[in-house]
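File shown: structure_3.tsv. Contents: TSV, C-alpha atoms.
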chain	number	residue	atom	x	y	z
A	27	MET	CA	55.15	155.44	72.78
A	28	ALA	CA	58.23	154.62	74.87
A	29	LYS	CA	56.40	151.60	76.28
A	30	ILE	CA	55.76	150.29	72.77
A	31	LYS	CA	59.46	150.67	71.89
A	32	VAL	CA	60.52	148.70	74.97
A	33	ILE	CA	58.11	145.88	74.15
A	34	GLY	CA	59.35	145.82	70.57
A	35	LEU	CA	62.98	145.64	71.72
A	36	LEU	CA	62.23	142.72	74.05
A	37	CYS	CA	60.52	140.85	71.22
A	38	ILE	CA	63.60	141.29	69.03
A	39	LEU	CA	65.92	140.06	71.81
A	40	THR	CA	63.92	136.86	72.22
A	41	LEU	CA	64.84	135.94	68.65
A	42	LEU	CA	68.50	135.86	69.67
A	43	LEU	CA	67.99	133.33	72.47
A	44	SER	CA	69.28	129.87	71.53
A	45	GLY	CA	67.02	127.82	73.78
A	46	CYS	CA	67.87	124.31	75.06
A	47	TRP	CA	69.49	123.15	71.85
A	48	SER	CA	71.78	120.69	73.64
A	49	LYS	CA	69.27	119.24	76.09
A	50	ARG	CA	69.17	115.51	76.75
A	51	GLU	CA	66.19	113.83	78.37
A	52	LEU	CA	66.76	111.49	81.32
A	53	ASN	CA	65.13	108.60	79.48
A	54	GLU	CA	67.72	108.96	76.71
A	55	LEU	CA	70.73	108.50	78.99
A	56	ALA	CA	72.48	105.58	80.66
A	57	ILE	CA	73.76	107.05	83.94
A	58	VAL	CA	77.25	105.70	84.69
A	59	VAL	CA	78.23	105.59	88.38
A	60	ALA	CA	81.44	103.56	88.10
A	61	LEU	CA	84.05	103.09	85.40
A	62	GLY	CA	86.60	100.27	85.21
A	63	ILE	CA	89.68	100.24	83.00
A	64	ASP	CA	91.74	97.10	82.29
A	65	LYS	CA	94.59	96.39	79.89
A	66	ILE	CA	94.37	93.19	77.86
A	67	ASP	CA	97.38	92.73	75.57
A	68	ASP	CA	97.54	95.95	73.55
A	69	ALA	CA	93.87	96.87	74.01
A	70	TYR	CA	91.88	98.63	76.71
A	71	GLU	CA	88.85	96.87	78.17
A	72	VAL	CA	86.42	99.38	79.62
A	73	THR	CA	83.59	98.49	81.97
A	74	VAL	CA	80.75	100.82	82.93
A	75	GLN	CA	78.33	100.29	85.80
A	76	ILE	CA	74.97	101.79	84.89
A	77	VAL	CA	72.09	102.36	87.30
A	78	ASP	CA	68.66	100.90	86.59
A	79	PRO	CA	66.47	103.76	87.94
A	80	SER	CA	63.39	101.59	88.39
A	81	GLU	CA	65.29	99.23	90.74
A	82	VAL	CA	66.72	101.92	93.03
A	83	SER	CA	63.63	104.12	93.14
A	84	MET	CA	61.82	104.22	96.50
A	85	LYS	CA	58.49	104.87	94.82
A	86	GLN	CA	58.44	101.89	92.49
A	87	ALA	CA	58.17	98.27	93.53
A	88	SER	CA	61.23	96.17	92.77
A	89	THR	CA	61.02	93.78	89.84
A	90	GLN	CA	63.85	91.62	91.28
A	91	ARG	CA	66.16	92.74	88.51
A	92	SER	CA	69.72	93.78	89.31
A	93	PRO	CA	69.92	97.45	90.40
A	94	VAL	CA	72.87	97.97	88.05
A	95	ILE	CA	73.92	96.76	84.63
A	96	SER	CA	77.51	96.37	83.47
A	97	TYR	CA	78.67	96.75	79.89
A	98	HIS	CA	82.13	95.92	78.57
A	99	ALA	CA	83.92	96.87	75.37
A	100	ARG	CA	87.48	96.81	74.04
A	101	GLY	CA	89.33	99.30	71.93
A	102	GLU	CA	92.77	100.59	71.04
A	103	THR	CA	91.91	103.64	73.15
A	104	ILE	CA	89.51	104.18	76.04
A	105	PHE	CA	87.58	106.68	73.94
A	106	GLU	CA	87.02	104.05	71.25
A	107	ALA	CA	85.94	101.42	73.77
A	108	ILE	CA	83.38	103.78	75.32
A	109	ARG	CA	81.89	104.60	71.93
A	110	LYS	CA	81.72	100.89	71.05
A	111	MET	CA	79.41	100.43	74.02
A	112	THR	CA	76.65	102.13	72.07
A	113	THR	CA	76.38	98.88	70.07
A	114	LEU	CA	75.52	97.07	73.32
A	115	ALA	CA	73.62	99.54	75.47
A	116	ALA	CA	70.21	100.90	74.62
A	117	ARG	CA	71.31	104.39	75.65
A	118	LYS	CA	74.49	106.42	75.38
A	119	PRO	CA	76.63	106.28	78.55
A	120	TYR	CA	76.44	109.54	80.52
A	121	PHE	CA	79.39	110.24	82.84
A	122	ALA	CA	78.38	113.42	84.66
A	123	HIS	CA	77.35	111.38	87.73
A	124	LEU	CA	80.46	109.18	87.84
A	125	GLN	CA	81.45	108.40	91.45
A	126	VAL	CA	84.45	106.08	91.22
A	127	VAL	CA	87.03	104.88	88.67
A	128	VAL	CA	88.62	101.45	89.21
A	129	LEU	CA	92.01	100.85	87.59
A	130	GLY	CA	92.91	97.20	86.97
A	131	GLU	CA	96.15	95.89	88.48
A	132	GLU	CA	97.63	94.84	85.13
A	133	LEU	CA	96.96	98.29	83.71
A	134	ALA	CA	98.49	99.86	86.83
A	135	LYS	CA	101.70	97.83	86.41
A	136	GLU	CA	102.12	99.11	82.84
A	137	GLY	CA	101.31	102.74	83.72
A	138	ILE	CA	98.12	104.73	84.26
A	139	SER	CA	98.95	108.15	82.78
A	140	GLU	CA	97.56	107.42	79.33
A	141	SER	CA	94.35	105.91	80.71
A	142	LEU	CA	93.73	109.00	82.85
A	143	ASP	CA	94.11	111.38	79.92
A	144	LEU	CA	90.54	111.06	78.59
A	145	ILE	CA	88.74	111.22	81.93
A	146	SER	CA	90.75	114.24	83.02
A	147	ARG	CA	90.30	115.98	79.66
A	148	ASP	CA	86.68	115.25	78.64
A	149	HIS	CA	84.25	118.01	79.68
A	150	GLU	CA	81.50	115.48	80.43
A	151	PHE	CA	83.50	113.99	83.32
A	152	ARG	CA	83.28	115.95	86.55
A	153	LYS	CA	86.40	116.17	88.67
A	154	ASP	CA	84.98	115.06	92.03
A	155	PHE	CA	85.09	111.29	91.55
A	156	ASP	CA	87.60	109.08	93.37
A	157	VAL	CA	90.16	106.73	91.83
A	158	ILE	CA	90.96	103.30	93.29
A	159	MET	CA	92.87	100.23	92.09
A	160	SER	CA	91.72	96.61	91.98
A	161	TYR	CA	94.24	94.34	93.69
A	162	GLU	CA	94.76	90.78	92.41
A	163	ALA	CA	91.64	91.19	90.28
A	164	ALA	CA	90.52	92.93	87.13
A	165	ALA	CA	88.52	96.13	87.41
A	166	LYS	CA	85.84	94.38	85.37
A	167	ASP	CA	85.43	91.69	88.05
A	168	VAL	CA	85.23	94.27	90.84
A	169	LEU	CA	82.43	96.16	89.10
A	170	ASN	CA	80.51	92.92	88.50
A	171	VAL	CA	80.15	92.14	92.23
A	172	LEU	CA	76.70	92.88	93.65
A	173	THR	CA	76.83	94.27	97.18
A	174	PRO	CA	74.45	94.00	100.18
A	175	ILE	CA	72.95	97.01	101.99
A	176	GLU	CA	74.00	99.41	99.25
A	177	LYS	CA	72.06	98.45	96.13
A	178	VAL	CA	74.49	100.27	93.87
A	179	PRO	CA	78.01	98.76	94.20
A	180	ALA	CA	79.62	102.11	93.29
A	181	ASN	CA	77.97	103.62	96.38
A	182	LYS	CA	79.34	100.78	98.51
A	183	MET	CA	82.89	101.32	97.26
A	184	LEU	CA	82.70	105.07	97.78
A	185	ASN	CA	81.07	104.86	101.23
A	186	SER	CA	83.49	102.20	102.47
A	187	LEU	CA	86.40	104.33	101.26
A	188	GLU	CA	85.16	107.40	103.14
A	189	VAL	CA	84.05	105.58	106.31
A	190	SER	CA	87.32	103.64	106.54
A	191	GLU	CA	89.33	106.83	106.08
A	192	LYS	CA	87.45	108.51	108.94
A	193	ALA	CA	87.14	105.61	111.41
A	194	TRP	CA	90.11	103.32	110.68
A	195	GLY	CA	92.71	105.21	108.66
A	196	SER	CA	93.90	102.52	106.23
A	197	THR	CA	92.43	104.15	103.12
A	198	ILE	CA	92.92	107.55	101.51
A	199	ALA	CA	90.40	109.06	99.10
A	200	ILE	CA	92.04	110.71	96.10
A	201	ASN	CA	90.12	112.37	93.29
A	202	ILE	CA	91.21	112.63	89.68
A	203	ASP	CA	92.63	116.15	89.95
A	204	GLU	CA	94.76	115.27	92.98
A	205	LEU	CA	96.04	112.12	91.29
A	206	VAL	CA	96.94	113.87	88.04
A	207	ASN	CA	98.75	116.64	89.93
A	208	THR	CA	100.72	114.09	91.95
A	209	LEU	CA	101.69	112.07	88.88
A	210	SER	CA	102.84	115.21	87.09
A	211	SER	CA	105.50	115.76	89.76
A	212	LYS	CA	108.82	114.05	88.98
A	213	ASP	CA	109.89	114.01	92.64
A	214	LYS	CA	106.80	112.34	94.13
A	215	GLY	CA	105.05	109.00	93.97
A	216	ALA	CA	101.33	108.38	94.33
A	217	LEU	CA	99.22	106.38	96.75
A	218	ILE	CA	95.86	104.91	95.69
A	219	SER	CA	93.52	102.84	97.84
A	220	ALA	CA	93.38	99.23	96.62
A	221	ILE	CA	90.27	97.06	96.69
A	222	GLU	CA	90.12	93.27	96.47
A	223	ILE	CA	87.49	90.56	96.03
A	224	HIS	CA	86.95	88.09	98.88
A	225	GLY	CA	85.33	84.91	97.64
A	226	ASP	CA	84.62	83.38	94.25
A	227	LYS	CA	84.24	86.27	91.81
A	228	LYS	CA	81.92	84.15	89.65
A	229	LEU	CA	79.37	84.06	92.49
A	230	GLY	CA	79.50	87.83	92.94
A	231	VAL	CA	77.48	88.51	89.81
A	232	ASP	CA	74.55	86.41	91.05
A	233	GLN	CA	71.60	88.10	92.76
A	234	ALA	CA	71.89	85.44	95.48
A	235	ASN	CA	75.03	87.25	96.65
A	236	VAL	CA	72.82	89.89	98.28
A	237	GLN	CA	70.01	87.57	99.37
A	238	ARG	CA	71.93	85.53	101.95
A	239	VAL	CA	72.70	86.27	105.59
A	240	LYS	CA	76.36	85.39	104.97
A	241	THR	CA	77.39	87.06	101.74
A	242	PRO	CA	79.71	84.68	99.83
A	243	VAL	CA	81.53	87.43	97.91
A	244	LEU	CA	82.62	90.77	99.37
A	245	LEU	CA	84.61	93.79	98.28
A	246	GLN	CA	87.19	94.93	100.84
A	247	TYR	CA	89.93	97.56	100.83
A	248	ALA	CA	93.35	95.94	101.15
A	249	GLY	CA	95.60	98.93	101.84
A	250	LEU	CA	97.41	101.55	99.77
A	251	ALA	CA	98.91	100.85	96.35
A	252	VAL	CA	102.31	102.50	95.82
A	253	PHE	CA	103.03	104.10	92.44
A	254	LYS	CA	106.47	105.08	91.21
A	255	LYS	CA	105.93	107.67	88.50
A	256	ASP	CA	102.71	106.19	87.08
A	257	LYS	CA	103.37	102.47	87.65
A	258	PHE	CA	102.16	100.25	90.48
A	259	ILE	CA	105.14	98.72	92.30
A	260	GLY	CA	103.71	97.30	95.52
A	261	LEU	CA	101.08	97.32	98.24
A	262	LEU	CA	101.30	98.66	101.78
A	263	THR	CA	99.60	96.49	104.37
A	264	GLU	CA	96.69	97.76	106.44
A	265	GLU	CA	98.94	98.71	109.38
A	266	GLU	CA	101.50	100.34	107.06
A	267	SER	CA	98.70	102.28	105.39
A	268	LYS	CA	97.54	103.56	108.80
A	269	SER	CA	101.09	104.72	109.48
A	270	VAL	CA	101.08	106.64	106.20
A	271	SER	CA	97.81	108.29	107.27
A	272	PHE	CA	99.48	109.38	110.53
A	273	LEU	CA	102.39	110.85	108.56
A	274	SER	CA	100.03	112.56	106.10
A	275	ASP	CA	97.95	114.08	108.93
A	276	LYS	CA	94.87	112.25	107.68
A	277	ILE	CA	94.02	110.22	110.80
A	278	LYS	CA	90.63	111.31	112.11
A	279	SER	CA	90.00	108.27	114.29
A	280	THR	CA	91.38	104.76	114.67
A	281	ILE	CA	92.01	102.03	117.25
A	282	GLU	CA	95.26	101.21	119.05
A	283	ILE	CA	95.86	98.01	121.05
A	284	ILE	CA	98.58	97.80	123.71
A	285	ALA	CA	99.79	95.05	126.02
A	286	CYS	CA	99.02	95.50	129.72
A	287	PRO	CA	101.81	95.33	132.37
A	288	LYS	CA	101.05	91.74	133.38
A	289	LYS	CA	98.86	90.04	130.78
A	290	GLY	CA	95.94	90.89	128.54
A	291	THR	CA	95.36	93.88	126.30
A	292	LEU	CA	93.86	97.35	126.39
A	293	SER	CA	92.26	99.12	123.41
A	294	THR	CA	92.09	102.87	122.92
A	295	GLU	CA	90.26	105.05	120.43
A	296	ILE	CA	92.28	107.81	118.80
A	297	THR	CA	89.99	110.84	118.80
A	298	HIS	CA	92.42	113.44	117.49
A	299	SER	CA	95.78	113.42	115.73
A	300	LYS	CA	97.88	116.32	114.52
A	301	THR	CA	101.06	115.86	112.50
A	302	LYS	CA	103.66	118.52	111.76
A	303	VAL	CA	106.42	117.73	109.29
A	304	LYS	CA	109.47	120.01	109.07
A	305	GLY	CA	112.45	119.85	106.77
A	306	SER	CA	115.96	121.13	107.49
A	307	PHE	CA	119.48	121.18	106.10
A	308	GLN	CA	122.55	120.76	108.27
A	309	HIS	CA	125.83	121.31	106.44
A	310	GLY	CA	123.95	120.70	103.22
A	311	GLU	CA	122.50	117.37	104.39
A	312	PRO	CA	118.66	117.14	104.40
A	313	ALA	CA	116.62	115.73	107.29
A	314	ILE	CA	112.95	115.44	108.21
A	315	ASP	CA	111.43	115.91	111.65
A	316	VAL	CA	107.93	114.57	112.31
A	317	GLN	CA	105.96	115.63	115.41
A	318	ILE	CA	102.70	113.76	116.08
A	319	GLU	CA	100.33	114.73	118.89
A	320	VAL	CA	97.59	112.23	119.67
A	321	GLU	CA	94.55	112.32	121.94
A	322	GLN	CA	92.75	109.13	122.89
A	323	ASN	CA	90.07	107.55	125.04
A	324	VAL	CA	90.25	104.14	126.68
A	325	GLY	CA	87.83	101.93	124.79
A	326	GLU	CA	88.16	98.37	126.08
A	327	VAL	CA	90.10	96.87	128.97
A	328	GLU	CA	90.80	93.13	129.01
A	329	CYS	CA	93.38	93.01	131.75
A	330	ASP	CA	94.06	93.83	135.40
A	331	ILE	CA	95.13	97.49	135.45
A	332	ASP	CA	94.07	100.28	137.81
A	333	LEU	CA	93.27	103.25	135.58
A	334	SER	CA	92.49	105.44	138.59
A	335	LYS	CA	96.25	105.78	139.18
A	336	PRO	CA	98.22	108.41	137.21
A	337	LYS	CA	101.09	106.00	136.63
A	338	SER	CA	98.72	103.63	134.83
A	339	ILE	CA	97.62	106.43	132.50
A	340	ASP	CA	101.28	107.31	131.92
A	341	TYR	CA	101.90	103.67	131.03
A	342	VAL	CA	99.00	103.67	128.53
A	343	ASN	CA	100.24	106.90	126.95
A	344	GLN	CA	103.80	105.63	126.69
A	345	LYS	CA	102.86	102.26	125.20
A	346	THR	CA	100.49	103.84	122.67
A	347	ALA	CA	103.18	106.30	121.58
A	348	GLN	CA	105.75	103.52	121.26
A	349	GLY	CA	103.37	101.41	119.18
A	350	ILE	CA	102.53	104.23	116.77
A	351	LYS	CA	106.17	105.32	116.47
A	352	GLY	CA	107.41	101.77	115.89
A	353	ARG	CA	104.90	101.01	113.13
A	354	ILE	CA	105.58	104.36	111.43
A	355	GLU	CA	109.31	103.65	111.38
A	356	GLU	CA	108.67	100.19	109.92
A	357	ALA	CA	106.46	101.69	107.18
A	358	LEU	CA	109.07	104.34	106.41
A	359	GLU	CA	111.78	101.70	106.12
A	360	LYS	CA	109.68	99.79	103.60
A	361	ILE	CA	108.88	102.92	101.59
A	362	GLN	CA	112.49	104.12	101.58
A	363	GLN	CA	114.42	100.87	101.24
A	364	GLN	CA	112.05	98.62	99.26
A	365	TYR	CA	110.03	101.03	97.11
A	366	GLU	CA	112.48	103.98	97.05
A	367	VAL	CA	109.78	106.49	96.18
A	368	ASP	CA	108.75	109.68	97.98
A	369	VAL	CA	105.02	109.11	98.36
A	370	LEU	CA	104.78	111.45	101.35
A	371	GLY	CA	106.06	114.60	99.68
A	372	PHE	CA	109.17	115.06	101.82
A	373	GLY	CA	110.85	116.67	98.83
A	374	ASP	CA	108.23	119.42	98.84
A	375	THR	CA	108.79	119.88	102.57
A	376	LEU	CA	112.52	120.40	102.04
A	377	HIS	CA	111.83	122.75	99.13
A	378	ARG	CA	109.66	124.92	101.36
A	379	ALA	CA	112.27	124.84	104.13
A	380	ASP	CA	115.16	126.05	101.96
A	381	ALA	CA	114.63	126.51	98.21
A	382	LYS	CA	118.32	127.16	97.49
A	383	GLN	CA	119.54	124.04	99.28
A	384	TRP	CA	116.78	121.96	97.68
A	385	LYS	CA	117.82	123.12	94.22
A	386	GLN	CA	121.30	121.73	94.84
A	387	ILE	CA	120.05	118.22	95.72
A	388	LYS	CA	116.90	118.06	93.56
A	389	ASN	CA	118.48	116.13	90.68
A	390	ASP	CA	119.90	113.56	93.10
A	391	TRP	CA	116.69	113.19	95.13
A	392	PRO	CA	115.92	109.60	93.94
A	393	THR	CA	119.25	108.43	95.38
A	394	ILE	CA	119.11	110.68	98.47
A	395	PHE	CA	115.57	109.74	99.55
A	396	PRO	CA	116.28	106.09	100.53
A	397	GLU	CA	118.89	107.29	103.04
A	398	LEU	CA	117.04	110.42	104.20
A	399	PRO	CA	117.07	110.71	108.04
A	400	ILE	CA	113.48	110.91	109.29
A	401	HIS	CA	113.03	111.54	113.02
A	402	VAL	CA	109.59	110.61	114.37
A	403	HIS	CA	108.30	111.87	117.73
A	404	VAL	CA	104.90	110.82	119.10
A	405	LYS	CA	103.18	112.36	122.13
A	406	VAL	CA	99.97	110.78	123.45
A	407	LYS	CA	97.42	112.12	125.91
A	408	THR	CA	94.56	110.06	127.35
A	409	GLN	CA	91.44	112.11	128.02
A	410	GLY	CA	88.59	109.74	128.77
A	411	LEU	CA	88.16	106.36	130.47
A	412	GLY	CA	84.61	105.63	129.37
A	413	THR	CA	81.75	105.20	131.82
A	414	MET	CA	83.92	103.38	134.38
A	415	GLN	CA	87.55	103.63	135.40
A	416	ASN	CA	88.52	99.98	135.63
A	417	SER	CA	87.67	96.72	133.96
A	418	LEU	CA	84.97	94.40	135.25
A	419	LEU	CA	87.88	91.99	135.83
A	420	ASN	CA	88.93	94.15	138.78
A	421	LYS	CA	85.60	94.00	140.60
A	422	PRO	CA	85.65	91.77	143.68
A	423	LYS	CA	83.48	88.68	143.46
A	424	GLU	CA	80.44	88.57	145.72
A	425	GLU	CA	80.46	85.91	148.43

Would you mind writing the structure in this file as structure tokens?
Amino acid sequence: MAKIKVIGLLCILTLLLSGCWSKRELNELAIVVALGIDKIDDAYEVTVQIVDPSEVSMKQASTQRSPVISYHARGETIFEAIRKMTTLAARKPYFAHLQVVVLGEELAKEGISESLDLISRDHEFRKDFDVIMSYEAAAKDVLNVLTPIEKVPANKMLNSLEVSEKAWGSTIAINIDELVNTLSSKDKGALISAIEIHGDKKLGVDQANVQRVKTPVLLQYAGLAVFKKDKFIGLLTEEESKSVSFLSDKIKSTIEIIACPKKGTLSTEITHSKTKVKGSFQHGEPAIDVQIEVEQNVGEVECDIDLSKPKSIDYVNQKTAQGIKGRIEEALEKIQQQYEVDVLGFGDTLHRADAKQWKQIKNDWPTIFPELPIHVHVKVKTQGLGTMQNSLLNKPKEE
């Protein structure tokens, strides 16, 4: 009898289950992997890059169609523009697999806070996608460029961003949550990796762009875009961007080139970098102390130098440290004197060091920051010399 009651209860409970009432089949969706936002007059122009599954599938033979399709629409708001795309696309755009958002330069100059509101608010957008800015080009044009090796251009942009950050140091990946949190702070500025088009953008949309040995149109990261509040105010060069990565403790690996004692150059690979930033107040005056410890290996020697001697290694260490320190100081001068915006969070460092002292200067921080003393110290240690100590240039010639 008890068994019958249990079965009856389970049958009743099944009536309360809602089932997959909100399900959406894959063949009903247009999977968006990249989103571009431009500002044209008073309207937003939104571009979506949608994957053609049949062209990227390993199991199906290619039909020579483009692996992605781009749709564009304008509206008074981004939300409106996205909905207008349903009049163009055969399926409704689906943003759960979005990988990268490209902000157009003109939009960035006017301010990006409003454009980020929808994508940070809408439940369909995940929060793990990266945000970049198109430099000297519209986001629409960037998303229209077909790329070699990576069939899906969004994958190319994302992979280049991550690989460059790990192996070169001139880019910084920032997701939507990090960007929104940074922009919400009144005392900080934001840094966003900027991408540019090399070549004639009109040729980039042609399938021939990925069918040639020498690709006529390429997408390349140009450095870090500097934002004051939410507006783009300038671009840091590649070397300046690397210096920012050193200061932000984001250098995983990069290359340094130094001049040899007589002539020629020597290249080293940075294998490890650790940065410690400390804030202090002396008689009420703020200051920042930066300690950077670097480990490196000798990578390429194009000069006459005997690396078996300790004094030669000391020379390499000293010159590498001087080079890193000098470029960091040049980047800091540009950030402080030209842009006058705290993109490195030194204000937060001072707040953590002494909350009471920080409170006294907080309201005057925009005028204090350009003159803030920042002391940079770099210590370099060379660990490896490769498979041989000296250059082939040092080997005696056979008679």

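Across the model, the gap from CA of Leu144 in chain A to CA of Glu162 in chain A is 24.9 Å.
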
Just to confirm, what's the straight-line distance from CA of Gly290 in chain A to CA of Glu264 in chain A in Å (one decimal)?
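Here the two named atoms are 23.2 Å from each other.
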
Neighbours of range 382-384 of chain A within 10 Å (all atoms listed in the file; same-chain residues fewer than 6 positions away dropped), as a list in words?
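Here the qualifying residues turn out to be Ser306, Phe307, His309, Gly310, Glu311, Pro312, Gly373, Asp374, Thr375, Leu376 and Trp391 of chain A.
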
Could you dump the residues just selected with C-alpha atoms as a PDB file, in the coordinates of the input?
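This is the output file selection00.pdb:
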ATOM      1  CA  SER A 306     115.960 121.130 107.490  1.00  0.00           C
ATOM      2  CA  PHE A 307     119.480 121.180 106.100  1.00  0.00           C
ATOM      3  CA  HIS A 309     125.830 121.310 106.440  1.00  0.00           C
ATOM      4  CA  GLY A 310     123.950 120.700 103.220  1.00  0.00           C
ATOM      5  CA  GLU A 311     122.500 117.370 104.390  1.00  0.00           C
ATOM      6  CA  PRO A 312     118.660 117.140 104.400  1.00  0.00           C
ATOM      7  CA  GLY A 373     110.850 116.670  98.830  1.00  0.00           C
ATOM      8  CA  ASP A 374     108.230 119.420  98.840  1.00  0.00           C
ATOM      9  CA  THR A 375     108.790 119.880 102.570  1.00  0.00           C
ATOM     10  CA  LEU A 376     112.520 120.400 102.040  1.00  0.00           C
ATOM     11  CA  TRP A 391     116.690 113.190  95.130  1.00  0.00           C
TER      12      TRP A 391
END

Straight-line distance linking CA of Ser186 in chain A with CA of Gln246 in chain A, stated in Å to one decimal:
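Separation of CA of Ser186 in chain A and CA of Gln246 in chain A: 8.3 Å.
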
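Using all atoms listed in the file, the shortest contact distance between Ile400 in chain A and any of A:Ile95, A:Cys286, A:Ala122, A:Val316 is found at A:Val316.
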
Using only C-alpha atoms, which of the listed residues (A:Asn323, A:Ser92, A:Ser196, A:Ser160) sits closest to Leu262 in chain A?
A:Ser196

Range 354-357 of chain A environment, 10 Å, all atoms listed in the file, sequence neighbours closer than 2 positions dropped, as a ChimeraX atom specification
/A:262-263,265-273,348-352,359-363,400-402

Mind listing as a list in words all residues within 12 Å of (84.4, 93.1, 77.4), counting all atoms listed in the file?
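Final list of nearby residues, as requested, is Gly62, Ile63, Asp64, Lys65, Ile66, Ala69, Tyr70, Glu71, Val72, Thr73, Val74, Ser96, Tyr97, His98, Ala99, Arg100, Gly101, Ala107, Ile108, Lys110, Met111, Leu114, Ala164, Ala165, Lys166, Asp167 and Asn170 of chain A.
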
Edge lengths and centre in Å, axis-aligned, range 292-305 of chain A plus 8 Å each side, as JSON:
{"center_x": 101.2, "center_y": 108.7, "center_z": 116.6, "size_x": 38.5, "size_y": 38.7, "size_z": 35.6}

Of the candidates A:Glu188, A:Asp315, A:Glu326, A:Glu176, which one gets nearest to Asp156 in chain A if we count all atoms listed in the file?
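Smallest distance to Asp156 in chain A is found for A:Glu188.
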
Using only C-alpha atoms, which of A:Glu102, A:Glu222, A:Asp340, A:Asp67 sits nearest Leu129 in chain A?
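Closest residue, counting only C-alpha atoms: A:Glu222.
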
In terms of all atoms listed in the file, the residue from A:Glu282, A:Glu150, A:Glu191, A:Asp226 at minimal distance from Leu250 in chain A is A:Glu191

Please determine, counting only C-alpha atoms, which residue among A:Glu136, A:Ile202, A:Val168, A:Gly130 has the shortest atom-to-atom distance to Ile223 in chain A.
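Closest candidate: A:Val168.
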
Range 101-176 of chain A residues near range 207-220 of chain A within 6 Å, closest pair each, using all atoms listed in the file, as JSON lines:
{"residue": "A:Ile158", "atom": "CA", "partner": "A:Ser219", "partner_atom": "CA", "distance": 5.2}
{"residue": "A:Met159", "atom": "CA", "partner": "A:Ala220", "partner_atom": "CA", "distance": 4.7}
{"residue": "A:Ser160", "atom": "CA", "partner": "A:Ala220", "partner_atom": "CA", "distance": 5.6}
{"residue": "A:Tyr161", "atom": "CA", "partner": "A:Ala220", "partner_atom": "CA", "distance": 5.8}

The selected residues should be written to file as a PDB file, in the coordinates of the input (atoms: C-alpha atoms).
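Result file again.pdb:
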ATOM      1  CA  ILE A 158      90.960 103.300  93.290  1.00  0.00           C
ATOM      2  CA  MET A 159      92.870 100.230  92.090  1.00  0.00           C
ATOM      3  CA  SER A 160      91.720  96.610  91.980  1.00  0.00           C
ATOM      4  CA  TYR A 161      94.240  94.340  93.690  1.00  0.00           C
TER       5      TYR A 161
END

If I only have part of range 325-334 of chain A, can you fill in N, CA, C and O atoms and write it as a PDB file, keeping the file's coordinate frame?
ATOM      1  N   GLY A 325      89.033 102.512 125.361  1.00  0.00           N
ATOM      2  CA  GLY A 325      87.830 101.930 124.790  1.00  0.00           C
ATOM      3  C   GLY A 325      87.460 100.583 125.350  1.00  0.00           C
ATOM      4  O   GLY A 325      86.281 100.281 125.557  1.00  0.00           O
ATOM      5  N   GLU A 326      88.443  99.727 125.620  1.00  0.00           N
ATOM      6  CA  GLU A 326      88.160  98.370 126.080  1.00  0.00           C
ATOM      7  C   GLU A 326      89.343  97.873 126.911  1.00  0.00           C
ATOM      8  O   GLU A 326      90.494  97.971 126.476  1.00  0.00           O
ATOM      9  N   VAL A 327      89.049  97.349 128.079  1.00  0.00           N
ATOM     10  CA  VAL A 327      90.100  96.870 128.970  1.00  0.00           C
ATOM     11  C   VAL A 327      89.889  95.375 129.221  1.00  0.00           C
ATOM     12  O   VAL A 327      88.865  94.961 129.759  1.00  0.00           O
ATOM     13  N   GLU A 328      90.873  94.586 128.824  1.00  0.00           N
ATOM     14  CA  GLU A 328      90.800  93.130 129.010  1.00  0.00           C
ATOM     15  C   GLU A 328      92.004  92.654 129.826  1.00  0.00           C
ATOM     16  O   GLU A 328      92.690  91.707 129.458  1.00  0.00           O
ATOM     17  N   CYS A 329      92.251  93.378 130.895  1.00  0.00           N
ATOM     18  CA  CYS A 329      93.380  93.010 131.750  1.00  0.00           C
ATOM     19  C   CYS A 329      93.196  93.649 133.130  1.00  0.00           C
ATOM     20  O   CYS A 329      92.282  94.454 133.345  1.00  0.00           O
ATOM     21  N   ASP A 330      94.099  93.309 134.035  1.00  0.00           N
ATOM     22  CA  ASP A 330      94.060  93.830 135.400  1.00  0.00           C
ATOM     23  C   ASP A 330      94.971  95.062 135.489  1.00  0.00           C
ATOM     24  O   ASP A 330      96.191  94.936 135.619  1.00  0.00           O
ATOM     25  N   ILE A 331      94.379  96.235 135.366  1.00  0.00           N
ATOM     26  CA  ILE A 331      95.130  97.490 135.450  1.00  0.00           C
ATOM     27  C   ILE A 331      94.254  98.527 136.135  1.00  0.00           C
ATOM     28  O   ILE A 331      93.053  98.630 135.845  1.00  0.00           O
ATOM     29  N   ASP A 332      94.816  99.277 137.056  1.00  0.00           N
ATOM     30  CA  ASP A 332      94.070 100.280 137.810  1.00  0.00           C
ATOM     31  C   ASP A 332      94.223 101.642 137.121  1.00  0.00           C
ATOM     32  O   ASP A 332      95.222 102.333 137.292  1.00  0.00           O
ATOM     33  N   LEU A 333      93.209 102.010 136.348  1.00  0.00           N
ATOM     34  CA  LEU A 333      93.270 103.250 135.580  1.00  0.00           C
ATOM     35  C   LEU A 333      92.990 104.485 136.427  1.00  0.00           C
ATOM     36  O   LEU A 333      93.037 105.604 135.919  1.00  0.00           O
ATOM     37  N   SER A 334      92.687 104.292 137.709  1.00  0.00           N
ATOM     38  CA  SER A 334      92.490 105.440 138.590  1.00  0.00           C
ATOM     39  C   SER A 334      93.841 106.036 139.030  1.00  0.00           C
ATOM     40  O   SER A 334      93.889 107.138 139.568  1.00  0.00           O
TER      41      SER A 334
END
